[in-house]
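Structure first, commentary second.
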Amino acid sequence: MALLAADLKEGTKTVHSEAERSKFVKFFFKGEISPATYGRFLISLYHVYNALEKALDQHKDNANIQLIYFPKELGRKEALEQDLEFFNGPEWRDMLSPISPAQKGYVDAIERCAATKPDLLIAHAYVRYLGDLSGGQILSKKLQKHNDLPEGKGVAFYNFDQIEDKDGFKEQYRKRINQVEVDEETHKAMVEESCQAFIRNIDVFQEFDHELPLTKEEQEAAEVAEAANKKAGLFSSLAPSNLINSIASAVGLKSNA
Ligand code: HEM
């Protein structure tokens with residue numbers, strides 16, 4: 001059994017690439033997420049961090065959770081509240097319900113871990129916090145650049161102002177993950193749970209696909225489908241039943257074809 005941090009990284013490699021390739025992330029990268037869509041995306045994040053940070057607080061005395069418990073440095077709920085107000089206005093809390101299926105699936109998964117196997121919360125914390133400290137930093141720059149945001153506004157979520165050296169902190173965090181003491185079965189379950197957490201993130205992204213313009217591939221697929229529909233329409237007009245109807249009406253008969 002390799003060290004847990006290495007297994008988490010290795011075990012989530014494929015789903016990490018999948019997340020990077022998701023339509024939402026691609027558009028985010030190109031700066032093509034509208035502020036309104038981003039404001040709604042923040043609602044999804046709020047549900048997730050609200051559940052995650054509540055669960056971590058609840059289990060902060062668990063020896064393993066304690067190792068990765070950094071509420072001051074990592075806690076995102078308050079930062080999200082600032083960004084939510086910036087993008088959605090002071091009434092943003094009205095947007096919290098109804099909770100969407102992907103948001104609920106993610107929150108339920110976190111709550112299930114909290115209720116049954118709190119060690120698995122480490123997988124959820126790993127996926128979100130190390131992600132925010134890594135790719136999240138690139139996304140923050142894109143968000144600022146493409147939306148011409150006033151200095152420091154709207155990106156509180158990505159600003160970990162209690163962490164001076166992000167790379168150093170990530171290294172420390174990985175070391176802490178390696179100190180977690182669990183049996184082999186739980187070790188494996190953690191890798192599995194972190195893959196599931198990535199998939200839940202992809203599910204959340206996908207809920208925004210319909211708000212985004214078509215990608216080149218989608219546009220091409222739509223054109224192919226339209227051409228196929230047209231062809232099918234032409235064939236159906238030549239179908240035997242239509243032909244019989246035409247002949248029947250030409251000779252003045254009523255056809256049941
Ligand atoms: C365009 C999107 C993304 C880019 C460019 C990106 C980029 C990166 C990079 C460069 C690292 C390595 C950082 C390092 O080792 O210091 C990393 C790590 C990581 N990313 Fe992403 N990422 C993206 C999306 C995501 C998403 C959507 C998630 C999850 C929600 C995520 C979760 C993680 C995690 C957990 C790590 C830590 C891996 C480890 O060292 O164990 N990333 N990402």
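FYI, nothing fancy with the structure tokens labels: chains A, B, ... in order, residues from 1 per chain, ligands from 1 as they appear.
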Counting only C-alpha atoms, what are the residues of range 105-214 of chain A within 7 Å of range 19-29 of chain A, and for each of them which pair of atoms is the nearest and at what distance in Å, to one decimal? Sort the table by chain and rising number, as CSV.
residue,atom,partner,partner_atom,distance
A:Leu139,CA,A:Phe29,CA,6.5
A:Lys142,CA,A:Phe29,CA,6.2
A:Ile202,CA,A:Ala19,CA,5.8
A:Phe205,CA,A:Phe24,CA,5.6
A:Gln206,CA,A:Phe24,CA,6.9
A:Phe208,CA,A:Phe24,CA,6.9
A:Asp209,CA,A:Phe24,CA,6.4
Take the residues from that selection and write them out as a short mmCIF file (atom, residue, chain, number, x, y, z; two decimals), in the first residue's frame, keeping C-alpha atoms.
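To be explicit, this is the file written out as again12.cif:
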data_model
loop_
_atom_site.label_atom_id
_atom_site.label_comp_id
_atom_site.auth_asym_id
_atom_site.auth_seq_id
_atom_site.Cartn_x
_atom_site.Cartn_y
_atom_site.Cartn_z
CA LEU A 139 -9.45 29.81 -12.90
CA LYS A 142 -9.33 33.83 -15.93
CA ILE A 202 -18.50 17.00 -12.95
CA PHE A 205 -20.63 21.42 -13.89
CA GLN A 206 -22.94 19.59 -16.29
CA PHE A 208 -24.72 24.47 -16.41
CA ASP A 209 -24.06 23.04 -19.88
#
Within 7 Å of ligand 1: each chain A residue with its shortest pair, only C-alpha atoms and all ligand atoms, as a tab-separated table:
residue	atom	partner	partner_atom_place_in_ligand_line	distance
A:Ala5	CA	ligand 1	41 (O)	6.1
A:Ala6	CA	ligand 1	41 (O)	6.6
A:Leu8	CA	ligand 1	41 (O)	6.0
A:Lys9	CA	ligand 1	41 (O)	3.9
A:His16	CA	ligand 1	42 (N)	5.9
A:Ala19	CA	ligand 1	27 (C)	5.0
A:Glu20	CA	ligand 1	2 (C)	4.4
A:Val25	CA	ligand 1	1 (C)	5.5
A:Lys26	CA	ligand 1	1 (C)	6.6
A:Phe29	CA	ligand 1	1 (C)	6.4
A:Tyr126	CA	ligand 1	35 (C)	5.5
A:Val127	CA	ligand 1	35 (C)	3.8
A:Arg128	CA	ligand 1	30 (C)	5.4
A:Tyr129	CA	ligand 1	35 (C)	6.9
A:Leu130	CA	ligand 1	35 (C)	4.6
A:Gly131	CA	ligand 1	32 (C)	3.4
A:Asp132	CA	ligand 1	32 (C)	6.9
A:Ser134	CA	ligand 1	13 (C)	4.7
A:Gly135	CA	ligand 1	6 (C)	3.4
A:Gly136	CA	ligand 1	23 (C)	6.6
A:Ile138	CA	ligand 1	5 (C)	6.5
A:Leu139	CA	ligand 1	1 (C)	6.9
A:Asp167	CA	ligand 1	16 (O)	6.1
A:Phe198	CA	ligand 1	29 (C)	5.5
A:Asn201	CA	ligand 1	30 (C)	5.5
Atom pair CA of Gly154 in chain A + CA of Ala102 in chain A, distance 23.8 Å
Of A:Asn159, A:Asn64, A:Asn178, A:Gln196, the one sitting nearest Gly105 in chain A when using only C-alpha atoms is A:Gln196
query = When you draw a straight line from CA of Glu192 in chain A to CA of Tyr38 in chain A, how long is it in Å?
reply =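 Computing it gives 29.0 Å between the two atoms.
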Counting only C-alpha atoms, give me one row per residue of range 132-237 of chain A with an atom at most 10 Å from an atom of range 75-82 of chain A, showing the shortest contact pair and its distance in Å to one decimal, sorted by chain then residue number, as a Markdown table.
| residue | atom | partner | partner_atom | distance |
| --- | --- | --- | --- | --- |
| A:Asp132 | CA | A:Arg76 | CA | 9.9 |
| A:Lys153 | CA | A:Gln82 | CA | 8.8 |
| A:Gly154 | CA | A:Gln82 | CA | 7.4 |
| A:Val155 | CA | A:Ala79 | CA | 8.3 |
| A:Ala156 | CA | A:Ala79 | CA | 5.0 |
| A:Phe157 | CA | A:Ala79 | CA | 5.0 |
| A:Tyr158 | CA | A:Ala79 | CA | 8.3 |
| A:Asn159 | CA | A:Ala79 | CA | 8.1 |
| A:Phe160 | CA | A:Arg76 | CA | 8.6 |
| A:Gln162 | CA | A:Gly75 | CA | 9.9 |
Which neighbours of range 186-189 of chain A fall inside 10 Å, counting only C-alpha atoms, when residues of the same chain fewer than 2 positions from it are skipped, and could you give them as a list in words?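 Near neighbours after the sequence-gap exclusion: Met1, Ala2, Leu3, Leu4, Asp7, Leu8, Gly11, Lys117, Asp119, Leu120, Ala123, Val180, Glu181, Val182, Asp183, Glu184, Val191, Glu192, Glu193, Ser194 and Cys195 of chain A.
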